[in-house]
Protein chains: 2
Amino acid sequence: VRARTQAQLAFSASGTSWWLLNASPDLRPQIEATPVLHPRRAPRDTPISGAILTSADADQVLGLLLLREFQPLVIYATVSVRRALVEENSLFRLLERVEGQSRWKEIVPGKTFSPEPGISIFPLPLPGSLPGYVAGREGMPAGEAVLAVVLQSGSGKRLLYAPALPRVGRELIEQMNTCEIALLDGTFWSDDELRRARGGGPGAREIGHVPIGGPDGSLQALAGVRGPRKIYIHINNTNPVLDEDSDERRRVREAGWEIAEDGWEFEL
Amino acid sequence: VRARTQAQLAFSASGTSWWLLNASPDLRPQIEATPVLHPRRAPRDTPISGAILTSADADQVLGLLLLREFQPLVIYATVSVRRALVEENSLFRLLERVEGQSRWKEIVPGKTFSPEPGISIFPLPLPGSLPGYVAGREGMPAGEAVLAVVLQSGSGKRLLYAPALPRVGRELIEQMNTCEIALLDGTFWSDDELRRARGGGPGAREIGHVPIGGPDGSLQALAGVRGPRKIYIHINNTNPVLDEDSDERRRVREAGWEIAEDGWEFEL
């Protein structure tokens with residue numbers, strides 16, 4: 001099995017200002033492996049303008065706490081995700097130590113926004129809930145917990161990013177069909193995979209990840225989607241598709257899917 | 001300048017069970033670079049038994065949130081440090097998802113404890129305060145915010161670890177003189193170093209780090225300590241001692257100090 005860091009994507013329209021899609025706990029080695037994201041002139045100057053959050057999952061947000069060296073940072077999130085982080089976690093004050101250090105901007109699910117010229121982002125609400133650690137998760141408005149995002153470049157070409165996919169719905173399929181590239185939740189192969197590894201606990205669907213395999217897995221549900229290049233991301237270390245010789249890997253490849261690796265680049 | 005990951009030490013008496021001194025945000029690459037800390041039989045089995053926290057500083061505690069793969073973990077901390085983390089940060093519930101996942105044990109400053117046979121630890125209270133992000137920092141008892149720890153092996157040999165040193169006191173010097181090895185706060189060379197890099201903000205002493213240089217820096221204050229091997233750790237990327245050709249590096253070396261690098265090992 002080839003080692004991978006945790007799911008992380010960065011995008012840019014200008015090539016000089018970059019945006020993170022979520023912020024993984026592996027952000028430091030990921031930035032180090034990516035020269036365009038290295039600090040420029042001064043040691044604390046960075047080409048990273050900000051981050052767009054698709055959920056409050058720890059593996060999608062912990063990297064924000066690594067970006068606390070006083071650089072200005074714009075963070076896009078839904079109201080519920082922002083509250084889960086900022087109002088429940090005093091550590092997030094590390095991003096507010098000096099005036100203008102971080103600025104939160106609101107994502108309204110279903111409403112396209114543009115972090116900078118040449119990029120528009122459509123946030124598609126998915127039917128998930130806030131992660132288990134969030135104390136105030138009851139009573140948060142539906143549709144703000146988990147998003148897929150569709151990036152569109154100035155050329156009109158589109159990329160879908162959904163590292164957590166609670167289930168496959170009609171709207172997701174419609175969006176996928178408008179895209180050149182779709183990067184989708186491939187966390188687990190089967191619903192009971194994590195339970196078997198741990199000797200107990202919740203199933204994949206219970207924690208917001210439709211499995212790849214099985215009669216109602218994402219491979220079957222998305223078999224009819226032929227337009228975009230289809231790539232599984234966010235793959236857990238228990239998932240047999242990581243093993244290049246596994247039967248599961250063969251089935252995924254035969255269905256036209258790729259399994260993401262560190263360092264991949266896409267142009268829209 | 002040779003790149004370094006953030007300050008982190010792991011120790012063991014048995015060679016099979018290991019304890020972390022604090023938990024840095026760079027813990028993943030640090031574990032990967034250290035074969036004795038790799039998972040053993042099962043993918044979620046680890047030789048890491050727990051962690052001992054010397055403060056609630058983000059760069060000493062964020063790594064705990066990376067150890068959330070359901071392995072049992074014992075975390076030693078003072079009451080004030082535990083409260084700052086657990087009661088103010090819902091993310092720490094990630095360490096309490098299953099019964100027996102994490103167990104907090106209390107460090108009473110000044111009272112020696114033993115995480116396992118063959119190791120005793122003396123926690124020396126230092127005159128620091130809780131980090132700025134902590135909401136309830138007023139009213140916390142003095143002496144619980146910042147510790148130096150003195151590890152003692154079965155052979156009676158001792159190592160002092162103080163990644164944050166608000167100032168050099170008599171008791172610290174007395175403890176150092178009983179040790180074979182002293183790993184000490186070398187964050188900043190001068191009090192205004194961070195302020196100059198950022199164009200404003202607090203001085204080194206204000207954020208709990210006595211600088212190395214200057215008439216009341218640690219180099220001068222500890223000039224009389226001749227017993228232990230003396231090593232500066234926790235060195236900020238603004239500190240000129242990182243540059244092997246700098247005058248500051250030469251002065252530190254001439255005074256008998258070493259500048260720590262990743263991968264160093266010590267035997268007591």
# chains A, B, ... in the order shown; residues from 1 in each chain; ligands from 1
>>> select_by_dssp(residues="segment 31-162 of chain A", states="helix (DSSP H, G or I)", output="number ranges by chain")
A: 31-32, 35-37, 58-66, 79-87, 90-96
>>> select_by_dssp(residues="segment 32-268 of chain A", states="strand (DSSP E)", output="PyMOL selection string")
chain A and resi 48-52+73-77+102-106+113-116+119-126+146-153+158-162+181-185+229-233+257-259
>>> interface_residues(of="chain A", to="chain B", cutoff="7 Å", atoms="only C-alpha atoms", output="list in words")
Glu88, Asn89, Ser90, Leu91, Arg93, Leu94, Tyr133, Val134 and Ala135 of chain A
>>> write_last_selection(atoms="C-alpha atoms", output="PDB file, in the first residue's frame")
ATOM      1  CA  GLU A  88     -17.026  25.587  21.271  1.00  0.00           C
ATOM      2  CA  ASN A  89     -13.251  25.651  20.989  1.00  0.00           C
ATOM      3  CA  SER A  90     -11.150  28.328  22.645  1.00  0.00           C
ATOM      4  CA  LEU A  91      -8.136  27.064  20.631  1.00  0.00           C
ATOM      5  CA  ARG A  93      -8.827  32.165  19.364  1.00  0.00           C
ATOM      6  CA  LEU A  94      -5.292  31.429  18.139  1.00  0.00           C
ATOM      7  CA  TYR A 133     -17.757  16.016  19.154  1.00  0.00           C
ATOM      8  CA  VAL A 134     -19.983  19.077  18.582  1.00  0.00           C
ATOM      9  CA  ALA A 135     -21.925  19.840  21.751  1.00  0.00           C
TER      10      ALA A 135
END
>>> residues_around(residues="Thr178 of chain B", least_positions_apart="4", cutoff="9 Å", atoms="only C-alpha atoms", output="PDB file with N, CA, C and O atoms, in the first residue's frame")
ATOM      1  N   LYS B 157      19.661   8.340  37.158  1.00  0.00           N
ATOM      2  CA  LYS B 157      20.108   9.448  36.302  1.00  0.00           C
ATOM      3  C   LYS B 157      18.904  10.275  35.852  1.00  0.00           C
ATOM      4  O   LYS B 157      17.804   9.754  35.667  1.00  0.00           O
ATOM      5  N   ARG B 158      19.166  11.569  35.656  1.00  0.00           N
ATOM      6  CA  ARG B 158      18.049  12.497  35.480  1.00  0.00           C
ATOM      7  C   ARG B 158      18.197  13.375  34.245  1.00  0.00           C
ATOM      8  O   ARG B 158      19.296  13.729  33.830  1.00  0.00           O
ATOM      9  N   LEU B 159      17.037  13.746  33.683  1.00  0.00           N
ATOM     10  CA  LEU B 159      16.969  14.624  32.510  1.00  0.00           C
ATOM     11  C   LEU B 159      15.916  15.692  32.783  1.00  0.00           C
ATOM     12  O   LEU B 159      14.797  15.381  33.206  1.00  0.00           O
ATOM     13  N   ILE B 173      17.766  26.068  38.610  1.00  0.00           N
ATOM     14  CA  ILE B 173      19.222  25.861  38.600  1.00  0.00           C
ATOM     15  C   ILE B 173      19.595  24.680  39.498  1.00  0.00           C
ATOM     16  O   ILE B 173      20.400  23.820  39.123  1.00  0.00           O
ATOM     17  N   GLU B 174      18.960  24.597  40.671  1.00  0.00           N
ATOM     18  CA  GLU B 174      19.234  23.468  41.568  1.00  0.00           C
ATOM     19  C   GLU B 174      18.868  22.137  40.912  1.00  0.00           C
ATOM     20  O   GLU B 174      19.615  21.166  40.998  1.00  0.00           O
ATOM     21  N   GLY B 227      27.168  21.059  35.386  1.00  0.00           N
ATOM     22  CA  GLY B 227      26.973  19.607  35.475  1.00  0.00           C
ATOM     23  C   GLY B 227      26.436  18.968  34.206  1.00  0.00           C
ATOM     24  O   GLY B 227      27.100  18.131  33.583  1.00  0.00           O
ATOM     25  N   PRO B 228      25.242  19.335  33.808  1.00  0.00           N
ATOM     26  CA  PRO B 228      24.588  18.578  32.742  1.00  0.00           C
ATOM     27  C   PRO B 228      25.052  18.978  31.345  1.00  0.00           C
ATOM     28  O   PRO B 228      25.596  20.062  31.142  1.00  0.00           O
TER      29      PRO B 228
END
>>> closest_residue(among="A:Ser155, A:Gln101, A:Gln8, A:Asn22", to="Glu267 of chain A", atoms="only C-alpha atoms")
A:Ser155
>>> residues_around(residues="Arg249 of chain A", least_positions_apart="2", cutoff="12 Å", atoms="only C-alpha atoms", output="PDB file with C-alpha atoms, in the first residue's frame")
ATOM      1  CA  VAL A   1       0.000   0.000   0.000  1.00  0.00           C
ATOM      2  CA  GLY A 186     -14.087   6.801  -0.735  1.00  0.00           C
ATOM      3  CA  TRP A 189     -15.433  -0.057   1.219  1.00  0.00           C
ATOM      4  CA  ILE A 212     -18.035   2.230  -1.964  1.00  0.00           C
ATOM      5  CA  GLY A 213     -19.083  -1.412  -2.205  1.00  0.00           C
ATOM      6  CA  LEU A 219     -19.935   2.475  -6.950  1.00  0.00           C
ATOM      7  CA  TYR A 232     -12.148   8.389  -4.865  1.00  0.00           C
ATOM      8  CA  ASN A 239     -10.156   0.350   3.011  1.00  0.00           C
ATOM      9  CA  PRO A 240      -9.050  -2.609   0.824  1.00  0.00           C
ATOM     10  CA  VAL A 241      -9.003  -0.440  -2.338  1.00  0.00           C
ATOM     11  CA  LEU A 242      -5.676   0.933  -1.083  1.00  0.00           C
ATOM     12  CA  ASP A 243      -4.134  -2.458  -1.840  1.00  0.00           C
ATOM     13  CA  GLU A 244      -3.309  -2.390  -5.533  1.00  0.00           C
ATOM     14  CA  ASP A 245      -3.656  -6.163  -5.769  1.00  0.00           C
ATOM     15  CA  SER A 246      -7.042  -6.404  -4.071  1.00  0.00           C
ATOM     16  CA  ASP A 247     -10.232  -7.548  -5.726  1.00  0.00           C
ATOM     17  CA  ARG A 251     -13.595  -3.651  -9.305  1.00  0.00           C
ATOM     18  CA  VAL A 252     -13.237   0.089  -8.715  1.00  0.00           C
ATOM     19  CA  ARG A 253     -10.788   0.443 -11.612  1.00  0.00           C
ATOM     20  CA  GLU A 254     -13.000  -1.604 -13.918  1.00  0.00           C
ATOM     21  CA  ALA A 255     -15.902   0.737 -13.121  1.00  0.00           C
ATOM     22  CA  GLY A 256     -13.753   3.640 -14.329  1.00  0.00           C
ATOM     23  CA  TRP A 257     -12.763   5.107 -10.962  1.00  0.00           C
ATOM     24  CA  GLU A 258      -9.300   6.195  -9.886  1.00  0.00           C
ATOM     25  CA  ILE A 259      -7.906   6.098  -6.335  1.00  0.00           C
TER      26      ILE A 259
END
>>> residues_around(residues="segment 115-126 of chain B", least_positions_apart="5", cutoff="7 Å", atoms="only C-alpha atoms", output="ChimeraX atom specification")
/B:13,109-110,143-144,146-154
>>> write_last_selection(atoms="N, CA, C and O atoms", output="PDB file, in the first residue's frame")
ATOM      1  N   ALA B  13      11.080   3.326  29.538  1.00  0.00           N
ATOM      2  CA  ALA B  13      11.942   2.543  30.438  1.00  0.00           C
ATOM      3  C   ALA B  13      12.090   1.136  29.889  1.00  0.00           C
ATOM      4  O   ALA B  13      13.152   0.531  29.972  1.00  0.00           O
ATOM      5  N   PRO B 109       1.753  19.908  40.961  1.00  0.00           N
ATOM      6  CA  PRO B 109       3.090  20.502  40.876  1.00  0.00           C
ATOM      7  C   PRO B 109       3.891  20.250  42.150  1.00  0.00           C
ATOM      8  O   PRO B 109       3.377  20.401  43.257  1.00  0.00           O
ATOM      9  N   GLY B 110       5.120  19.823  41.974  1.00  0.00           N
ATOM     10  CA  GLY B 110       5.991  19.554  43.123  1.00  0.00           C
ATOM     11  C   GLY B 110       5.904  18.133  43.639  1.00  0.00           C
ATOM     12  O   GLY B 110       6.691  17.732  44.499  1.00  0.00           O
ATOM     13  N   GLY B 143       1.066  28.262  39.458  1.00  0.00           N
ATOM     14  CA  GLY B 143       1.950  27.093  39.484  1.00  0.00           C
ATOM     15  C   GLY B 143       1.424  25.908  38.695  1.00  0.00           C
ATOM     16  O   GLY B 143       2.117  24.910  38.558  1.00  0.00           O
ATOM     17  N   GLU B 144       0.207  26.005  38.158  1.00  0.00           N
ATOM     18  CA  GLU B 144      -0.328  24.877  37.381  1.00  0.00           C
ATOM     19  C   GLU B 144      -0.229  25.099  35.876  1.00  0.00           C
ATOM     20  O   GLU B 144      -0.580  24.225  35.098  1.00  0.00           O
ATOM     21  N   VAL B 146       2.542  26.234  33.825  1.00  0.00           N
ATOM     22  CA  VAL B 146       3.780  25.879  33.118  1.00  0.00           C
ATOM     23  C   VAL B 146       4.670  25.068  34.061  1.00  0.00           C
ATOM     24  O   VAL B 146       4.931  25.480  35.190  1.00  0.00           O
ATOM     25  N   LEU B 147       5.126  23.940  33.571  1.00  0.00           N
ATOM     26  CA  LEU B 147       6.004  23.068  34.353  1.00  0.00           C
ATOM     27  C   LEU B 147       7.316  22.830  33.630  1.00  0.00           C
ATOM     28  O   LEU B 147       7.354  22.825  32.397  1.00  0.00           O
ATOM     29  N   ALA B 148       8.379  22.624  34.392  1.00  0.00           N
ATOM     30  CA  ALA B 148       9.516  21.859  33.898  1.00  0.00           C
ATOM     31  C   ALA B 148       9.344  20.456  34.474  1.00  0.00           C
ATOM     32  O   ALA B 148       8.741  20.308  35.534  1.00  0.00           O
ATOM     33  N   VAL B 149       9.823  19.429  33.781  1.00  0.00           N
ATOM     34  CA  VAL B 149       9.764  18.092  34.375  1.00  0.00           C
ATOM     35  C   VAL B 149      11.174  17.511  34.436  1.00  0.00           C
ATOM     36  O   VAL B 149      11.995  17.741  33.543  1.00  0.00           O
ATOM     37  N   VAL B 150      11.424  16.774  35.525  1.00  0.00           N
ATOM     38  CA  VAL B 150      12.703  16.079  35.675  1.00  0.00           C
ATOM     39  C   VAL B 150      12.403  14.586  35.656  1.00  0.00           C
ATOM     40  O   VAL B 150      11.739  14.062  36.552  1.00  0.00           O
ATOM     41  N   LEU B 151      12.855  13.926  34.578  1.00  0.00           N
ATOM     42  CA  LEU B 151      12.679  12.469  34.475  1.00  0.00           C
ATOM     43  C   LEU B 151      13.824  11.785  35.190  1.00  0.00           C
ATOM     44  O   LEU B 151      14.984  12.198  35.041  1.00  0.00           O
ATOM     45  N   GLN B 152      13.519  10.725  35.936  1.00  0.00           N
ATOM     46  CA  GLN B 152      14.585   9.941  36.563  1.00  0.00           C
ATOM     47  C   GLN B 152      14.401   8.478  36.208  1.00  0.00           C
ATOM     48  O   GLN B 152      13.320   7.918  36.348  1.00  0.00           O
ATOM     49  N   SER B 153      15.476   7.883  35.712  1.00  0.00           N
ATOM     50  CA  SER B 153      15.417   6.471  35.331  1.00  0.00           C
ATOM     51  C   SER B 153      15.706   5.592  36.540  1.00  0.00           C
ATOM     52  O   SER B 153      16.063   6.090  37.615  1.00  0.00           O
ATOM     53  N   GLY B 154      15.566   4.273  36.357  1.00  0.00           N
ATOM     54  CA  GLY B 154      15.856   3.335  37.426  1.00  0.00           C
ATOM     55  C   GLY B 154      17.282   3.442  37.951  1.00  0.00           C
ATOM     56  O   GLY B 154      17.557   3.161  39.122  1.00  0.00           O
TER      57      GLY B 154
END
>>> residues_around(residues="Gly214 of chain B", least_positions_apart="4", cutoff="10 Å", atoms="only C-alpha atoms", output="PyMOL selection string")
chain B and resi 189-191+218-221
>>> write_last_selection(atoms="C-alpha atoms", output="mmCIF file, in the first residue's frame")
data_model
loop_
_atom_site.group_PDB
_atom_site.id
_atom_site.type_symbol
_atom_site.label_atom_id
_atom_site.label_comp_id
_atom_site.auth_asym_id
_atom_site.auth_seq_id
_atom_site.Cartn_x
_atom_site.Cartn_y
_atom_site.Cartn_z
ATOM 1 C CA TRP B 189 17.382 34.917 21.062
ATOM 2 C CA SER B 190 16.108 38.376 22.023
ATOM 3 C CA ASP B 191 13.034 39.755 23.724
ATOM 4 C CA SER B 218 19.210 32.284 29.895
ATOM 5 C CA LEU B 219 22.755 31.963 28.531
ATOM 6 C CA GLN B 220 24.024 34.445 31.110
ATOM 7 C CA ALA B 221 21.742 33.279 33.940
#
>>> atom_distance(atom1="atom CA of Ser12 of chain B", atom2="atom CA of Gln175 of chain B")
21.2 Å
>>> residues_around(residues="His38 of chain A", least_positions_apart="3", cutoff="12 Å", atoms="only C-alpha atoms", output="compact mmCIF listing (two decimals) with all heavy atoms, in the first residue's frame")
# COMPACT_ATOMS: atom_id res chain seq x y z
N THR A 16 -0.99 32.67 -8.03
CA THR A 16 -0.24 33.33 -6.94
C THR A 16 -1.03 33.29 -5.63
O THR A 16 -0.45 33.20 -4.56
CB THR A 16 0.10 34.79 -7.28
OG1 THR A 16 -1.10 35.46 -7.67
CG2 THR A 16 1.09 34.86 -8.43
N SER A 17 -2.36 33.37 -5.72
CA SER A 17 -3.19 33.26 -4.52
C SER A 17 -3.86 31.89 -4.53
O SER A 17 -4.50 31.51 -5.51
CB SER A 17 -4.25 34.38 -4.55
OG SER A 17 -5.34 34.05 -3.71
N TRP A 18 -3.70 31.15 -3.45
CA TRP A 18 -4.22 29.78 -3.37
C TRP A 18 -5.24 29.66 -2.24
O TRP A 18 -5.11 30.30 -1.20
CB TRP A 18 -3.07 28.78 -3.15
CG TRP A 18 -2.23 28.63 -4.37
CD1 TRP A 18 -1.24 29.47 -4.80
CD2 TRP A 18 -2.31 27.58 -5.35
NE1 TRP A 18 -0.71 29.01 -5.98
CE2 TRP A 18 -1.34 27.85 -6.34
CE3 TRP A 18 -3.11 26.44 -5.47
CZ2 TRP A 18 -1.15 27.02 -7.45
CZ3 TRP A 18 -2.92 25.61 -6.57
CH2 TRP A 18 -1.95 25.90 -7.55
N LEU A 27 -1.41 19.20 7.10
CA LEU A 27 -1.17 20.36 6.24
C LEU A 27 0.31 20.75 6.16
O LEU A 27 0.78 21.16 5.11
CB LEU A 27 -2.02 21.54 6.75
CG LEU A 27 -2.32 22.64 5.76
CD1 LEU A 27 -2.89 22.10 4.46
CD2 LEU A 27 -3.29 23.64 6.38
N ARG A 28 1.04 20.60 7.26
CA ARG A 28 2.44 21.00 7.20
C ARG A 28 3.25 20.20 6.18
O ARG A 28 3.85 20.79 5.28
CB ARG A 28 3.11 20.95 8.58
CG ARG A 28 4.58 21.30 8.49
CD ARG A 28 5.32 21.30 9.81
NE ARG A 28 6.75 21.27 9.53
CZ ARG A 28 7.69 21.70 10.34
NH1 ARG A 28 7.37 22.18 11.51
NH2 ARG A 28 8.97 21.63 10.01
N PRO A 29 3.29 18.85 6.28
CA PRO A 29 4.00 18.12 5.23
C PRO A 29 3.40 18.32 3.84
O PRO A 29 4.12 18.27 2.84
CB PRO A 29 3.92 16.65 5.68
CG PRO A 29 2.94 16.60 6.80
CD PRO A 29 2.85 17.97 7.38
N GLN A 30 2.09 18.55 3.77
CA GLN A 30 1.47 18.77 2.46
C GLN A 30 1.96 20.09 1.84
O GLN A 30 2.25 20.15 0.65
CB GLN A 30 -0.06 18.74 2.59
CG GLN A 30 -0.57 17.32 2.86
CD GLN A 30 -2.02 17.26 3.30
OE1 GLN A 30 -2.56 18.19 3.89
NE2 GLN A 30 -2.66 16.13 3.03
N ILE A 31 2.04 21.13 2.65
CA ILE A 31 2.57 22.42 2.14
C ILE A 31 4.04 22.26 1.76
O ILE A 31 4.49 22.73 0.72
CB ILE A 31 2.37 23.53 3.19
CG1 ILE A 31 0.87 23.87 3.31
CG2 ILE A 31 3.18 24.78 2.83
CD1 ILE A 31 0.54 24.84 4.44
N GLU A 32 4.79 21.55 2.62
CA GLU A 32 6.22 21.35 2.32
C GLU A 32 6.43 20.62 1.00
O GLU A 32 7.40 20.88 0.28
CB GLU A 32 6.90 20.59 3.46
CG GLU A 32 7.13 21.49 4.67
CD GLU A 32 7.70 20.75 5.86
OE1 GLU A 32 7.82 19.51 5.81
OE2 GLU A 32 8.01 21.43 6.87
N ALA A 33 5.50 19.72 0.67
CA ALA A 33 5.64 18.94 -0.57
C ALA A 33 5.15 19.70 -1.81
O ALA A 33 5.21 19.18 -2.91
CB ALA A 33 4.88 17.62 -0.43
N THR A 34 4.67 20.93 -1.61
CA THR A 34 4.00 21.66 -2.68
C THR A 34 4.63 23.05 -2.84
O THR A 34 4.20 24.01 -2.19
CB THR A 34 2.48 21.80 -2.36
OG1 THR A 34 1.97 20.52 -1.97
CG2 THR A 34 1.71 22.32 -3.55
N PRO A 35 5.65 23.19 -3.69
CA PRO A 35 6.40 24.45 -3.77
C PRO A 35 5.53 25.70 -3.99
O PRO A 35 5.84 26.75 -3.42
CB PRO A 35 7.35 24.21 -4.95
CG PRO A 35 7.59 22.73 -4.93
CD PRO A 35 6.26 22.13 -4.51
N ARG A 41 8.40 36.06 0.01
CA ARG A 41 9.45 36.96 0.49
C ARG A 41 9.83 36.72 1.95
O ARG A 41 10.84 36.09 2.26
CB ARG A 41 9.01 38.42 0.30
CG ARG A 41 8.73 38.75 -1.17
CD ARG A 41 7.99 40.04 -1.30
NE ARG A 41 6.64 39.99 -0.76
CZ ARG A 41 5.57 39.56 -1.44
NH1 ARG A 41 5.69 39.14 -2.67
NH2 ARG A 41 4.37 39.56 -0.89
N ALA A 42 8.99 37.21 2.86
CA ALA A 42 9.30 37.13 4.28
C ALA A 42 8.94 35.73 4.79
O ALA A 42 8.15 35.02 4.16
CB ALA A 42 8.49 38.18 5.03
N PRO A 43 9.51 35.31 5.94
CA PRO A 43 9.23 33.96 6.43
C PRO A 43 7.76 33.74 6.79
O PRO A 43 7.28 32.62 6.79
CB PRO A 43 10.12 33.81 7.66
CG PRO A 43 10.69 35.15 7.94
CD PRO A 43 10.52 35.99 6.73
N ARG A 44 7.01 34.80 7.11
CA ARG A 44 5.61 34.62 7.50
C ARG A 44 4.64 35.05 6.40
O ARG A 44 3.46 35.23 6.63
CB ARG A 44 5.33 35.37 8.81
CG ARG A 44 5.92 34.63 10.00
CD ARG A 44 6.05 35.48 11.24
NE ARG A 44 7.00 34.90 12.17
CZ ARG A 44 6.68 34.02 13.11
NH1 ARG A 44 5.45 33.63 13.28
NH2 ARG A 44 7.61 33.53 13.90
N ASP A 45 5.15 35.23 5.20
CA ASP A 45 4.29 35.55 4.06
C ASP A 45 3.93 34.25 3.36
O ASP A 45 4.76 33.37 3.19
CB ASP A 45 5.03 36.49 3.11
CG ASP A 45 4.19 36.83 1.90
OD1 ASP A 45 3.00 37.13 2.09
OD2 ASP A 45 4.72 36.77 0.78
N THR A 46 2.68 34.11 2.96
CA THR A 46 2.23 32.85 2.38
C THR A 46 1.33 33.11 1.19
O THR A 46 0.57 34.06 1.19
CB THR A 46 1.47 32.01 3.44
OG1 THR A 46 0.81 30.93 2.77
CG2 THR A 46 0.42 32.85 4.16
N PRO A 47 1.39 32.26 0.16
CA PRO A 47 0.45 32.37 -0.96
C PRO A 47 -0.96 31.85 -0.62
O PRO A 47 -1.85 31.93 -1.44
CB PRO A 47 1.09 31.51 -2.06
CG PRO A 47 2.10 30.67 -1.40
CD PRO A 47 2.43 31.24 -0.06
N ILE A 48 -1.13 31.30 0.61
CA ILE A 48 -2.45 30.76 0.98
C ILE A 48 -3.35 31.90 1.45
O ILE A 48 -3.10 32.53 2.47
CB ILE A 48 -2.31 29.69 2.08
CG1 ILE A 48 -1.47 28.51 1.56
CG2 ILE A 48 -3.68 29.22 2.56
CD1 ILE A 48 -1.10 27.50 2.62
>>> atom_distance(atom1="atom CA of Asp192 of chain B", atom2="atom CA of Trp264 of chain B")
29.7 Å
